[in-house]
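S.K.: Structure supplied as input33.cif; contents: mmCIF, C-alpha atoms and all ligand atoms; chains and numbers go by the auth columns.
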```
data_data
loop_
_atom_site.group_PDB
_atom_site.id
_atom_site.type_symbol
_atom_site.label_atom_id
_atom_site.label_comp_id
_atom_site.label_asym_id
_atom_site.label_seq_id
_atom_site.Cartn_x
_atom_site.Cartn_y
_atom_site.Cartn_z
_atom_site.B_iso_or_equiv
_atom_site.auth_seq_id
_atom_site.auth_asym_id
ATOM 1 C CA MET A 1 0.000 0.000 0.000 0.00 17 A
ATOM 2 C CA ARG A 2 1.311 3.460 -0.890 0.00 18 A
ATOM 3 C CA SER A 3 2.100 5.791 1.967 0.00 19 A
ATOM 4 C CA LEU A 4 0.201 9.059 2.282 0.00 20 A
ATOM 5 C CA SER A 5 3.376 11.036 1.442 0.00 21 A
ATOM 6 C CA GLY A 6 3.473 9.357 -1.972 0.00 22 A
ATOM 7 C CA LEU A 7 0.120 10.813 -2.957 0.00 23 A
ATOM 8 C CA SER A 8 -0.224 14.103 -4.810 0.00 24 A
ATOM 9 C CA PHE A 9 -0.875 17.320 -2.931 0.00 25 A
ATOM 10 C CA SER A 10 -4.407 17.696 -4.256 0.00 26 A
ATOM 11 C CA LEU A 11 -5.292 14.091 -3.362 0.00 27 A
ATOM 12 C CA ARG A 12 -3.947 14.547 0.173 0.00 28 A
ATOM 13 C CA ALA A 13 -5.932 17.780 0.527 0.00 29 A
ATOM 14 C CA CYS A 14 -9.013 15.983 -0.724 0.00 30 A
ATOM 15 C CA ILE A 15 -8.609 13.095 1.745 0.00 31 A
ATOM 16 C CA LEU A 16 -8.042 15.492 4.628 0.00 32 A
ATOM 17 C CA GLY A 17 -11.041 17.569 3.564 0.00 33 A
ATOM 18 C CA LEU A 18 -13.301 14.524 3.348 0.00 34 A
ATOM 19 C CA THR A 19 -12.068 13.240 6.708 0.00 35 A
ATOM 20 C CA LEU A 20 -12.798 16.607 8.283 0.00 36 A
ATOM 21 C CA ALA A 21 -16.188 16.735 6.555 0.00 37 A
ATOM 22 C CA VAL A 22 -17.164 13.431 8.186 0.00 38 A
ATOM 23 C CA TRP A 23 -15.796 14.653 11.506 0.00 39 A
ATOM 24 C CA ALA A 24 -17.680 17.979 11.235 0.00 40 A
ATOM 25 C CA GLY A 25 -20.921 16.219 10.340 0.00 41 A
ATOM 26 C CA SER A 26 -20.789 13.873 13.291 0.00 42 A
ATOM 27 C CA ALA A 27 -19.168 15.974 15.993 0.00 43 A
ATOM 28 C CA HIS A 28 -20.901 19.305 15.531 0.00 44 A
ATOM 29 C CA ALA A 29 -24.502 18.412 16.341 0.00 45 A
ATOM 30 C CA MET A 30 -25.492 21.365 18.487 0.00 46 A
ATOM 31 C CA PRO A 31 -27.798 21.040 21.503 0.00 47 A
ATOM 32 C CA VAL A 32 -30.046 24.049 22.202 0.00 48 A
ATOM 33 C CA TRP A 33 -32.046 24.629 25.378 0.00 49 A
ATOM 34 C CA LEU A 34 -34.759 27.283 25.740 0.00 50 A
ATOM 35 C CA ASP A 35 -35.850 27.937 29.354 0.00 51 A
ATOM 36 C CA PHE A 36 -38.326 30.726 28.419 0.00 52 A
ATOM 37 C CA GLU A 37 -37.106 32.924 31.296 0.00 53 A
ATOM 38 C CA ASP A 38 -36.453 35.863 28.939 0.00 54 A
ATOM 39 C CA GLY A 39 -39.997 36.757 27.819 0.00 55 A
ATOM 40 C CA THR A 40 -43.033 38.576 29.206 0.00 56 A
ATOM 41 C CA PRO A 41 -46.446 36.883 29.713 0.00 57 A
ATOM 42 C CA PRO A 42 -48.653 36.921 27.749 0.00 58 A
ATOM 43 C CA ASP A 43 -46.533 38.005 24.736 0.00 59 A
ATOM 44 C CA PRO A 44 -46.530 35.608 21.763 0.00 60 A
ATOM 45 C CA VAL A 45 -43.244 33.684 21.382 0.00 61 A
ATOM 46 C CA ASP A 46 -43.268 33.763 17.543 0.00 62 A
ATOM 47 C CA ASP A 47 -39.731 34.479 16.207 0.00 63 A
ATOM 48 C CA PHE A 48 -38.179 35.438 19.582 0.00 64 A
ATOM 49 C CA TYR A 49 -35.777 32.454 19.363 0.00 65 A
ATOM 50 C CA LEU A 50 -35.094 32.606 15.614 0.00 66 A
ATOM 51 C CA ALA A 51 -31.384 33.249 16.259 0.00 67 A
ATOM 52 C CA SER A 52 -31.326 29.951 18.182 0.00 68 A
ATOM 53 C CA GLY A 53 -32.750 28.147 15.127 0.00 69 A
ATOM 54 C CA VAL A 54 -36.485 27.844 15.840 0.00 70 A
ATOM 55 C CA SER A 55 -39.679 29.837 15.381 0.00 71 A
ATOM 56 C CA PHE A 56 -42.960 29.193 17.182 0.00 72 A
ATOM 57 C CA SER A 57 -46.584 29.763 16.326 0.00 73 A
ATOM 58 C CA GLY A 58 -49.612 29.448 18.592 0.00 74 A
ATOM 59 C CA ALA A 59 -47.471 29.898 21.738 0.00 75 A
ATOM 60 C CA GLU A 60 -47.282 32.643 24.372 0.00 76 A
ATOM 61 C CA TRP A 61 -45.391 33.083 27.630 0.00 77 A
ATOM 62 C CA THR A 62 -47.045 32.097 30.904 0.00 78 A
ATOM 63 C CA SER A 63 -46.167 32.012 34.581 0.00 79 A
ATOM 64 C CA ASN A 64 -45.342 28.515 35.901 0.00 80 A
ATOM 65 C CA PHE A 65 -47.137 29.386 39.173 0.00 81 A
ATOM 66 C CA GLY A 66 -44.418 27.444 41.020 0.00 82 A
ATOM 67 C CA HIS A 67 -45.777 24.047 39.983 0.00 83 A
ATOM 68 C CA PRO A 68 -43.504 20.970 40.192 0.00 84 A
ATOM 69 C CA GLY A 69 -41.634 20.377 36.929 0.00 85 A
ATOM 70 C CA SER A 70 -41.158 24.126 36.376 0.00 86 A
ATOM 71 C CA GLY A 71 -37.763 25.282 35.154 0.00 87 A
ATOM 72 C CA GLY A 72 -37.790 28.758 36.701 0.00 88 A
ATOM 73 C CA ALA A 73 -40.647 31.270 36.799 0.00 89 A
ATOM 74 C CA LEU A 74 -41.830 31.167 33.166 0.00 90 A
ATOM 75 C CA GLY A 75 -42.950 28.655 30.552 0.00 91 A
ATOM 76 C CA ILE A 76 -45.158 28.729 27.465 0.00 92 A
ATOM 77 C CA ARG A 77 -48.757 27.794 26.764 0.00 93 A
ATOM 78 C CA ALA A 78 -51.025 27.689 23.740 0.00 94 A
ATOM 79 C CA GLU A 79 -52.340 31.086 22.678 0.00 95 A
ATOM 80 C CA ALA A 80 -55.787 29.453 22.752 0.00 96 A
ATOM 81 C CA GLY A 81 -55.398 28.942 26.535 0.00 97 A
ATOM 82 C CA PHE A 82 -54.326 26.213 28.965 0.00 98 A
ATOM 83 C CA ALA A 83 -56.944 23.776 27.587 0.00 99 A
ATOM 84 C CA PHE A 84 -56.586 23.385 23.815 0.00 100 A
ATOM 85 C CA SER A 85 -56.801 20.823 21.012 0.00 101 A
ATOM 86 C CA ILE A 86 -54.726 19.903 17.954 0.00 102 A
ATOM 87 C CA ASP A 87 -56.493 22.701 16.059 0.00 103 A
ATOM 88 C CA ASP A 88 -54.695 25.209 18.294 0.00 104 A
ATOM 89 C CA ALA A 89 -51.405 23.276 18.601 0.00 105 A
ATOM 90 C CA ILE A 90 -48.137 24.959 19.514 0.00 106 A
ATOM 91 C CA VAL A 91 -46.009 24.578 16.373 0.00 107 A
ATOM 92 C CA ALA A 92 -42.204 24.886 16.372 0.00 108 A
ATOM 93 C CA VAL A 93 -40.385 25.048 13.006 0.00 109 A
ATOM 94 C CA PHE A 94 -36.611 24.505 12.945 0.00 110 A
ATOM 95 C CA GLN A 95 -34.219 26.334 10.586 0.00 111 A
ATOM 96 C CA THR A 96 -32.267 23.121 9.897 0.00 112 A
ATOM 97 C CA ASP A 97 -32.899 19.441 10.606 0.00 113 A
ATOM 98 C CA VAL A 98 -32.871 18.415 14.269 0.00 114 A
ATOM 99 C CA THR A 99 -32.432 14.923 15.711 0.00 115 A
ATOM 100 C CA GLU A 100 -34.098 15.209 19.100 0.00 116 A
ATOM 101 C CA VAL A 101 -36.760 17.410 20.680 0.00 117 A
ATOM 102 C CA ARG A 102 -37.680 17.335 24.384 0.00 118 A
ATOM 103 C CA VAL A 103 -40.112 19.505 26.321 0.00 119 A
ATOM 104 C CA THR A 104 -41.594 19.330 29.827 0.00 120 A
ATOM 105 C CA ALA A 105 -45.405 19.238 30.036 0.00 121 A
ATOM 106 C CA LEU A 106 -46.860 20.610 33.299 0.00 122 A
ATOM 107 C CA ASN A 107 -50.108 19.703 35.107 0.00 123 A
ATOM 108 C CA VAL A 108 -50.959 16.921 32.631 0.00 124 A
ATOM 109 C CA GLY A 109 -54.333 15.353 33.451 0.00 125 A
ATOM 110 C CA GLU A 110 -57.017 13.409 31.624 0.00 126 A
ATOM 111 C CA ALA A 111 -56.641 15.379 28.358 0.00 127 A
ATOM 112 C CA GLY A 112 -52.983 14.316 28.137 0.00 128 A
ATOM 113 C CA ALA A 113 -50.115 15.955 26.285 0.00 129 A
ATOM 114 C CA ARG A 114 -48.633 14.942 22.942 0.00 130 A
ATOM 115 C CA ILE A 115 -45.810 15.931 20.603 0.00 131 A
ATOM 116 C CA ASP A 116 -45.710 14.976 16.899 0.00 132 A
ATOM 117 C CA ALA A 117 -42.508 15.360 14.851 0.00 133 A
ATOM 118 C CA TYR A 118 -42.543 15.902 11.061 0.00 134 A
ATOM 119 C CA ASP A 119 -39.816 16.007 8.390 0.00 135 A
ATOM 120 C CA ALA A 120 -41.026 19.234 6.711 0.00 136 A
ATOM 121 C CA GLU A 121 -41.879 22.813 7.732 0.00 137 A
ATOM 122 C CA VAL A 122 -45.428 22.242 6.435 0.00 138 A
ATOM 123 C CA GLY A 123 -47.087 18.859 5.891 0.00 139 A
ATOM 124 C CA GLY A 124 -44.482 16.120 5.433 0.00 140 A
ATOM 125 C CA ASN A 125 -44.252 12.698 7.061 0.00 141 A
ATOM 126 C CA LEU A 126 -44.773 11.889 10.735 0.00 142 A
ATOM 127 C CA VAL A 127 -41.275 10.960 12.028 0.00 143 A
ATOM 128 C CA ASP A 128 -42.042 10.217 15.679 0.00 144 A
ATOM 129 C CA SER A 129 -44.571 11.036 18.384 0.00 145 A
ATOM 130 C CA PHE A 130 -44.836 10.822 22.180 0.00 146 A
ATOM 131 C CA GLU A 131 -48.004 10.947 24.261 0.00 147 A
ATOM 132 C CA VAL A 132 -48.706 10.953 27.996 0.00 148 A
ATOM 133 C CA VAL A 133 -51.934 11.035 30.027 0.00 149 A
ATOM 134 C CA GLY A 134 -52.058 12.100 33.665 0.00 150 A
ATOM 135 C CA ILE A 135 -53.511 10.012 36.481 0.00 151 A
ATOM 136 C CA SER A 136 -55.908 12.557 37.938 0.00 152 A
ATOM 137 C CA GLN A 137 -58.581 14.548 36.099 0.00 153 A
ATOM 138 C CA LEU A 138 -56.811 17.890 36.296 0.00 154 A
ATOM 139 C CA GLY A 139 -53.298 16.475 36.644 0.00 155 A
ATOM 140 C CA THR A 140 -52.338 19.083 39.222 0.00 156 A
ATOM 141 C CA ASP A 141 -48.550 18.857 39.830 0.00 157 A
ATOM 142 C CA GLU A 142 -48.188 15.913 37.401 0.00 158 A
ATOM 143 C CA PHE A 143 -45.415 16.638 34.910 0.00 159 A
ATOM 144 C CA PHE A 144 -43.751 14.627 32.138 0.00 160 A
ATOM 145 C CA GLU A 145 -40.948 15.019 29.635 0.00 161 A
ATOM 146 C CA LEU A 146 -42.146 14.576 26.048 0.00 162 A
ATOM 147 C CA LYS A 147 -39.396 13.336 23.707 0.00 163 A
ATOM 148 C CA VAL A 148 -39.199 12.629 19.966 0.00 164 A
ATOM 149 C CA LEU A 149 -36.232 11.303 17.971 0.00 165 A
ATOM 150 C CA GLY A 150 -35.366 11.264 14.250 0.00 166 A
ATOM 151 C CA THR A 151 -32.675 12.117 11.727 0.00 167 A
ATOM 152 C CA ASN A 152 -34.496 14.950 9.961 0.00 168 A
ATOM 153 C CA ILE A 153 -37.088 16.621 12.202 0.00 169 A
ATOM 154 C CA ARG A 154 -38.098 20.061 10.853 0.00 170 A
ATOM 155 C CA ARG A 155 -41.296 20.733 12.793 0.00 171 A
ATOM 156 C CA VAL A 156 -43.043 19.626 15.974 0.00 172 A
ATOM 157 C CA GLU A 157 -46.668 20.110 17.001 0.00 173 A
ATOM 158 C CA ILE A 158 -47.580 20.027 20.704 0.00 174 A
ATOM 159 C CA TYR A 159 -51.171 19.696 21.939 0.00 175 A
ATOM 160 C CA GLN A 160 -53.674 17.905 24.178 0.00 176 A
ATOM 161 C CA PRO A 161 -54.700 14.716 22.328 0.00 177 A
ATOM 162 C CA LEU A 162 -57.908 14.082 24.295 0.00 178 A
ATOM 163 C CA GLU A 163 -60.439 16.880 24.387 0.00 179 A
ATOM 164 C CA THR A 164 -61.912 18.001 27.676 0.00 180 A
ATOM 165 C CA MET A 165 -63.193 21.369 28.767 0.00 181 A
ATOM 166 C CA ILE A 166 -61.281 21.845 31.993 0.00 182 A
ATOM 167 C CA ASP A 167 -57.902 20.042 32.006 0.00 183 A
ATOM 168 C CA GLY A 168 -55.228 22.489 30.916 0.00 184 A
ATOM 169 C CA VAL A 169 -51.465 22.057 30.371 0.00 185 A
ATOM 170 C CA TRP A 170 -48.477 24.235 29.671 0.00 186 A
ATOM 171 C CA PHE A 171 -44.803 23.667 28.871 0.00 187 A
ATOM 172 C CA ASP A 172 -41.241 24.549 29.844 0.00 188 A
ATOM 173 C CA ASP A 173 -37.625 23.660 29.006 0.00 189 A
ATOM 174 C CA PHE A 174 -37.628 23.094 25.248 0.00 190 A
ATOM 175 C CA HIS A 175 -34.540 21.189 24.064 0.00 191 A
ATOM 176 C CA PHE A 176 -33.490 20.329 20.519 0.00 192 A
ATOM 177 C CA THR A 177 -30.336 19.117 18.769 0.00 193 A
ATOM 178 C CA LEU A 178 -29.419 20.878 15.517 0.00 194 A
ATOM 179 C CA VAL A 179 -27.676 19.022 12.692 0.00 195 A
ATOM 180 C CA PRO A 180 -25.317 21.307 10.694 0.00 196 A
ATOM 181 C CA GLU A 181 -26.216 21.784 7.022 0.00 197 A
ATOM 182 C CA PRO A 182 -24.106 19.211 5.082 0.00 198 A
ATOM 183 C CA GLY A 183 -23.101 21.792 2.472 0.00 199 A
ATOM 184 C CA THR A 184 -21.893 24.314 5.031 0.00 200 A
ATOM 185 C CA ALA A 185 -20.089 21.743 7.176 0.00 201 A
ATOM 186 C CA GLY A 186 -18.454 20.119 4.127 0.00 202 A
ATOM 187 C CA LEU A 187 -17.234 23.430 2.655 0.00 203 A
ATOM 188 C CA MET A 188 -15.941 24.565 6.032 0.00 204 A
ATOM 189 C CA ALA A 189 -14.097 21.255 6.490 0.00 205 A
ATOM 190 C CA LEU A 190 -12.617 21.408 2.972 0.00 206 A
ATOM 191 C CA GLY A 191 -11.388 24.937 3.693 0.00 207 A
ATOM 192 C CA LEU A 192 -9.826 23.803 6.971 0.00 208 A
ATOM 193 C CA GLY A 193 -8.268 20.820 5.188 0.00 209 A
ATOM 194 C CA LEU A 194 -6.670 22.998 2.508 0.00 210 A
ATOM 195 C CA LEU A 195 -5.383 25.420 5.150 0.00 211 A
ATOM 196 C CA ALA A 196 -3.873 22.532 7.132 0.00 212 A
ATOM 197 C CA VAL A 197 -2.133 21.150 4.037 0.00 213 A
ATOM 198 C CA ARG A 198 -0.797 24.635 3.128 0.00 214 A
ATOM 199 C CA ARG A 199 0.613 25.109 6.618 0.00 215 A
ATOM 200 C CA ARG A 200 2.417 21.739 6.391 0.00 216 A
ATOM 201 C CA ARG A 201 4.187 22.594 3.107 0.00 217 A
HETATM 202 CA CA CA B . -38.690 28.303 32.436 0.00 301 B
HETATM 203 CA CA CA B . -54.183 20.003 33.941 0.00 302 B
#
```
Spell out the structure here as structure tokens.
Ligand SMILES: [Ca+2]
Ligand SMILES: [Ca+2]
M.R.:
Amino acid sequence: MRSLSGLSFSLRACILGLTLAVWAGSAHAMPVWLDFEDGTPPDPVDDFYLASGVSFSGAEWTSNFGHPGSGGALGIRAEAGFAFSIDDAIVAVFQTDVTEVRVTALNVGEAGARIDAYDAEVGGNLVDSFEVVGISQLGTDEFFELKVLGTNIRRVEIYQPLETMIDGVWFDDFHFTLVPEPGTAGLMALGLGLLAVRRRR
């Protein structure tokens, strides 16, 4: 087998670039955590976290009222109110693909709480879903972490799957893991590879 030093400069640069591209794609998945402590109830969340890679619709800030499961003073709820259906779901659209989404659901009772993950900003295929139902009617102080996994999640919808008039829920601590755009990561890695080869000459 030929040694690496026997290969041409451009081939070495190419190998290094490809190696770095693989490394960048696997190692640079970026976890993001929104604690919702930086808003004002009852403002809509909308594009407040766009710089973090996500935009919301149908969501507004709420007090956590000190309930167990709270991460700090504030969380989010549906703009339709604490009790809401899929028609008024909280929708989060990600700027790039994400691999994992987690959110804490507070005071989950008989109407439950559910998260659906899709592979497109609108429509698309259902990638994963997670549903919980509380033990008591109102679910006071019952909280759960909802979690969905996939390779290409672009949107999640969060709602109460079972309709009742009085059991409300709200949410806190929204986590997701961003996957870097392959094009960007690959170009960056190729650039780094060429720089590394130049420095070695
Ligand atoms: Ca919080
Ligand atoms: Ca409830």
S.K.: Name the residues that the PyMOL selection byres (((not hetatm)) within 12 of (chain B and resi 302)) picks from the file above, as an mmCIF file with C-alpha atoms, in the frame of the given file, using the file's chain letters and numbers.
M.R.:
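New file result.cif:
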```
data_model
loop_
_atom_site.group_PDB
_atom_site.id
_atom_site.type_symbol
_atom_site.label_atom_id
_atom_site.label_comp_id
_atom_site.auth_asym_id
_atom_site.auth_seq_id
_atom_site.Cartn_x
_atom_site.Cartn_y
_atom_site.Cartn_z
ATOM 1 C CA HIS A 83 -45.777 24.047 39.983
ATOM 2 C CA ARG A 93 -48.757 27.794 26.764
ATOM 3 C CA GLY A 97 -55.398 28.942 26.535
ATOM 4 C CA PHE A 98 -54.326 26.213 28.965
ATOM 5 C CA ALA A 99 -56.944 23.776 27.587
ATOM 6 C CA PHE A 100 -56.586 23.385 23.815
ATOM 7 C CA ALA A 121 -45.405 19.238 30.036
ATOM 8 C CA LEU A 122 -46.860 20.610 33.299
ATOM 9 C CA ASN A 123 -50.108 19.703 35.107
ATOM 10 C CA VAL A 124 -50.959 16.921 32.631
ATOM 11 C CA GLY A 125 -54.333 15.353 33.451
ATOM 12 C CA GLU A 126 -57.017 13.409 31.624
ATOM 13 C CA ALA A 127 -56.641 15.379 28.358
ATOM 14 C CA GLY A 128 -52.983 14.316 28.137
ATOM 15 C CA ALA A 129 -50.115 15.955 26.285
ATOM 16 C CA VAL A 149 -51.934 11.035 30.027
ATOM 17 C CA GLY A 150 -52.058 12.100 33.665
ATOM 18 C CA ILE A 151 -53.511 10.012 36.481
ATOM 19 C CA SER A 152 -55.908 12.557 37.938
ATOM 20 C CA GLN A 153 -58.581 14.548 36.099
ATOM 21 C CA LEU A 154 -56.811 17.890 36.296
ATOM 22 C CA GLY A 155 -53.298 16.475 36.644
ATOM 23 C CA THR A 156 -52.338 19.083 39.222
ATOM 24 C CA ASP A 157 -48.550 18.857 39.830
ATOM 25 C CA GLU A 158 -48.188 15.913 37.401
ATOM 26 C CA PHE A 159 -45.415 16.638 34.910
ATOM 27 C CA PHE A 160 -43.751 14.627 32.138
ATOM 28 C CA GLN A 176 -53.674 17.905 24.178
ATOM 29 C CA LEU A 178 -57.908 14.082 24.295
ATOM 30 C CA GLU A 179 -60.439 16.880 24.387
ATOM 31 C CA THR A 180 -61.912 18.001 27.676
ATOM 32 C CA MET A 181 -63.193 21.369 28.767
ATOM 33 C CA ILE A 182 -61.281 21.845 31.993
ATOM 34 C CA ASP A 183 -57.902 20.042 32.006
ATOM 35 C CA GLY A 184 -55.228 22.489 30.916
ATOM 36 C CA VAL A 185 -51.465 22.057 30.371
ATOM 37 C CA TRP A 186 -48.477 24.235 29.671
ATOM 38 C CA PHE A 187 -44.803 23.667 28.871
#
```
S.K.: My list of candidates is A:Leu50, A:Arg170, A:Lys163, A:Ile102. Which is closest to ligand CA 301 (chain B) when distances are computed with only C-alpha atoms and all ligand atoms?
M.R.: A:Leu50
S.K.: Which of these residues is nearest to Asp104 of chain A, using all atoms listed in the file: A:Ile131, A:Ala45, A:Ile174, A:Ala136?
M.R.: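 For Asp104 of chain A, the nearest of the candidates is A:Ile174.
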S.K.: Name the residues, by chain letter and number, that sit within 7 Å of ligand CA 301 (chain B) using only C-alpha atoms and all ligand atoms, and give them as a compact mmCIF listing (two decimals) with C-alpha atoms, in the frame of the given file.
M.R.:
```
# COMPACT_ATOMS: atom_id res chain seq x y z
CA ASP A 51 -35.85 27.94 29.35
CA PHE A 52 -38.33 30.73 28.42
CA GLU A 53 -37.11 32.92 31.30
CA SER A 86 -41.16 24.13 36.38
CA GLY A 87 -37.76 25.28 35.15
CA GLY A 88 -37.79 28.76 36.70
CA ALA A 89 -40.65 31.27 36.80
CA LEU A 90 -41.83 31.17 33.17
CA GLY A 91 -42.95 28.66 30.55
CA ASP A 188 -41.24 24.55 29.84
CA ASP A 189 -37.62 23.66 29.01
```
S.K.: By how many Å are atom CA of Pro57 of chain A and atom CA of Thr78 of chain A apart?
M.R.: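 Atom-to-atom, atom CA of Pro57 of chain A and atom CA of Thr78 of chain A are spaced 5.0 Å apart.
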S.K.: For each of A:Glu173, A:Val119, A:Val195, A:Glu95, take the minimum atom-to-atom distance to Asp132 of chain A, counting all atoms listed in the file, then give the residue where this is smallest.
M.R.: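 Ranked by minimum distance to Asp132 of chain A, first place goes to A:Glu173.
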S.K.: For atom CA of Ala108 of chain A and atom CA of Asn80 of chain A, quote the distance in Å rounded to one decimal.
M.R.: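 Going from atom CA of Ala108 of chain A over to atom CA of Asn80 of chain A covers 20.1 Å.
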S.K.: So what does the PyMOL selection byres (((chain A and resi 69) around 12) and not hetatm) actually pick up in this one, as a list of chain:residue names?
M.R.: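 Written out, the selection comes to A:Met46, A:Pro47, A:Val48, A:Trp49, A:Leu50, A:Asp63, A:Phe64, A:Tyr65, A:Leu66, A:Ala67, A:Ser68, A:Val70, A:Ser71, A:Phe72, A:Ala108, A:Val109, A:Phe110, A:Gln111, A:Thr112, A:Asp113, A:Val114, A:Arg170, A:Arg171, A:His191, A:Phe192, A:Thr193, A:Leu194, A:Val195, A:Pro196.
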S.K.: I'd like to know which of A:Asp135, A:Thr167, A:Arg130, A:Pro84 is closest to Arg118 of chain A, using only C-alpha atoms.
M.R.: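 Comparing A:Asp135, A:Thr167, A:Arg130, A:Pro84 against Arg118 of chain A, the winner is A:Arg130.
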S.K.: One number please: atom CA of Glu116 of chain A to atom CA of Trp77 of chain A, in Å, one decimal.
M.R.: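 It comes out at 22.8 Å.
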S.K.: N, CA and C atoms are what I want for segment 98-121 of chain A; can you complete it accordingly and write them as a tab-separated table (two decimals), keeping the file's coordinate frame?
M.R.:
```tsv
chain	number	residue	atom	x	y	z
A	98	PHE	N	-54.95	27.40	28.36
A	98	PHE	CA	-54.33	26.21	28.96
A	98	PHE	C	-54.95	24.92	28.43
A	99	ALA	N	-56.27	24.94	28.17
A	99	ALA	CA	-56.94	23.78	27.59
A	99	ALA	C	-57.13	24.03	26.09
A	100	PHE	N	-56.54	23.14	25.26
A	100	PHE	CA	-56.59	23.38	23.82
A	100	PHE	C	-56.46	22.05	23.09
A	101	SER	N	-56.83	22.05	21.81
A	101	SER	CA	-56.80	20.82	21.01
A	101	SER	C	-55.75	20.93	19.91
A	102	ILE	N	-55.69	19.91	19.07
A	102	ILE	CA	-54.73	19.90	17.95
A	102	ILE	C	-54.96	21.07	17.00
A	103	ASP	N	-56.20	21.57	16.95
A	103	ASP	CA	-56.49	22.70	16.06
A	103	ASP	C	-55.76	23.98	16.48
A	104	ASP	N	-55.40	24.04	17.78
A	104	ASP	CA	-54.70	25.21	18.29
A	104	ASP	C	-53.29	24.83	18.78
A	105	ALA	N	-52.71	23.80	18.16
A	105	ALA	CA	-51.40	23.28	18.60
A	105	ALA	C	-50.32	24.35	18.62
A	106	ILE	N	-49.38	24.19	19.55
A	106	ILE	CA	-48.14	24.96	19.51
A	106	ILE	C	-47.26	24.32	18.45
A	107	VAL	N	-46.83	25.11	17.47
A	107	VAL	CA	-46.01	24.58	16.37
A	107	VAL	C	-44.63	25.22	16.43
A	108	ALA	N	-43.58	24.39	16.41
A	108	ALA	CA	-42.20	24.89	16.37
A	108	ALA	C	-41.57	24.41	15.07
A	109	VAL	N	-41.05	25.36	14.28
A	109	VAL	CA	-40.38	25.05	13.01
A	109	VAL	C	-38.90	25.35	13.14
A	110	PHE	N	-38.06	24.37	12.80
A	110	PHE	CA	-36.61	24.50	12.94
A	110	PHE	C	-35.98	24.99	11.64
A	111	GLN	N	-34.90	25.77	11.75
A	111	GLN	CA	-34.22	26.33	10.59
A	111	GLN	C	-33.44	25.27	9.83
A	112	THR	N	-32.94	24.25	10.53
A	112	THR	CA	-32.27	23.12	9.90
A	112	THR	C	-32.83	21.86	10.54
A	113	ASP	N	-32.43	20.70	10.02
A	113	ASP	CA	-32.90	19.44	10.61
A	113	ASP	C	-32.43	19.33	12.06
A	114	VAL	N	-33.26	18.73	12.90
A	114	VAL	CA	-32.87	18.42	14.27
A	114	VAL	C	-33.11	16.92	14.50
A	115	THR	N	-32.38	16.37	15.49
A	115	THR	CA	-32.43	14.92	15.71
A	115	THR	C	-33.20	14.55	16.96
A	116	GLU	N	-33.43	15.52	17.83
A	116	GLU	CA	-34.10	15.21	19.10
A	116	GLU	C	-34.81	16.46	19.60
A	117	VAL	N	-36.03	16.29	20.08
A	117	VAL	CA	-36.76	17.41	20.68
A	117	VAL	C	-37.34	16.91	22.00
A	118	ARG	N	-37.12	17.67	23.07
A	118	ARG	CA	-37.68	17.34	24.38
A	118	ARG	C	-38.34	18.58	24.97
A	119	VAL	N	-39.46	18.39	25.65
A	119	VAL	CA	-40.11	19.50	26.32
A	119	VAL	C	-40.85	18.96	27.54
A	120	THR	N	-40.88	19.74	28.62
A	120	THR	CA	-41.59	19.33	29.83
A	120	THR	C	-43.03	19.81	29.76
A	121	ALA	N	-43.98	18.89	29.99
A	121	ALA	CA	-45.40	19.24	30.04
A	121	ALA	C	-45.85	19.28	31.50
```
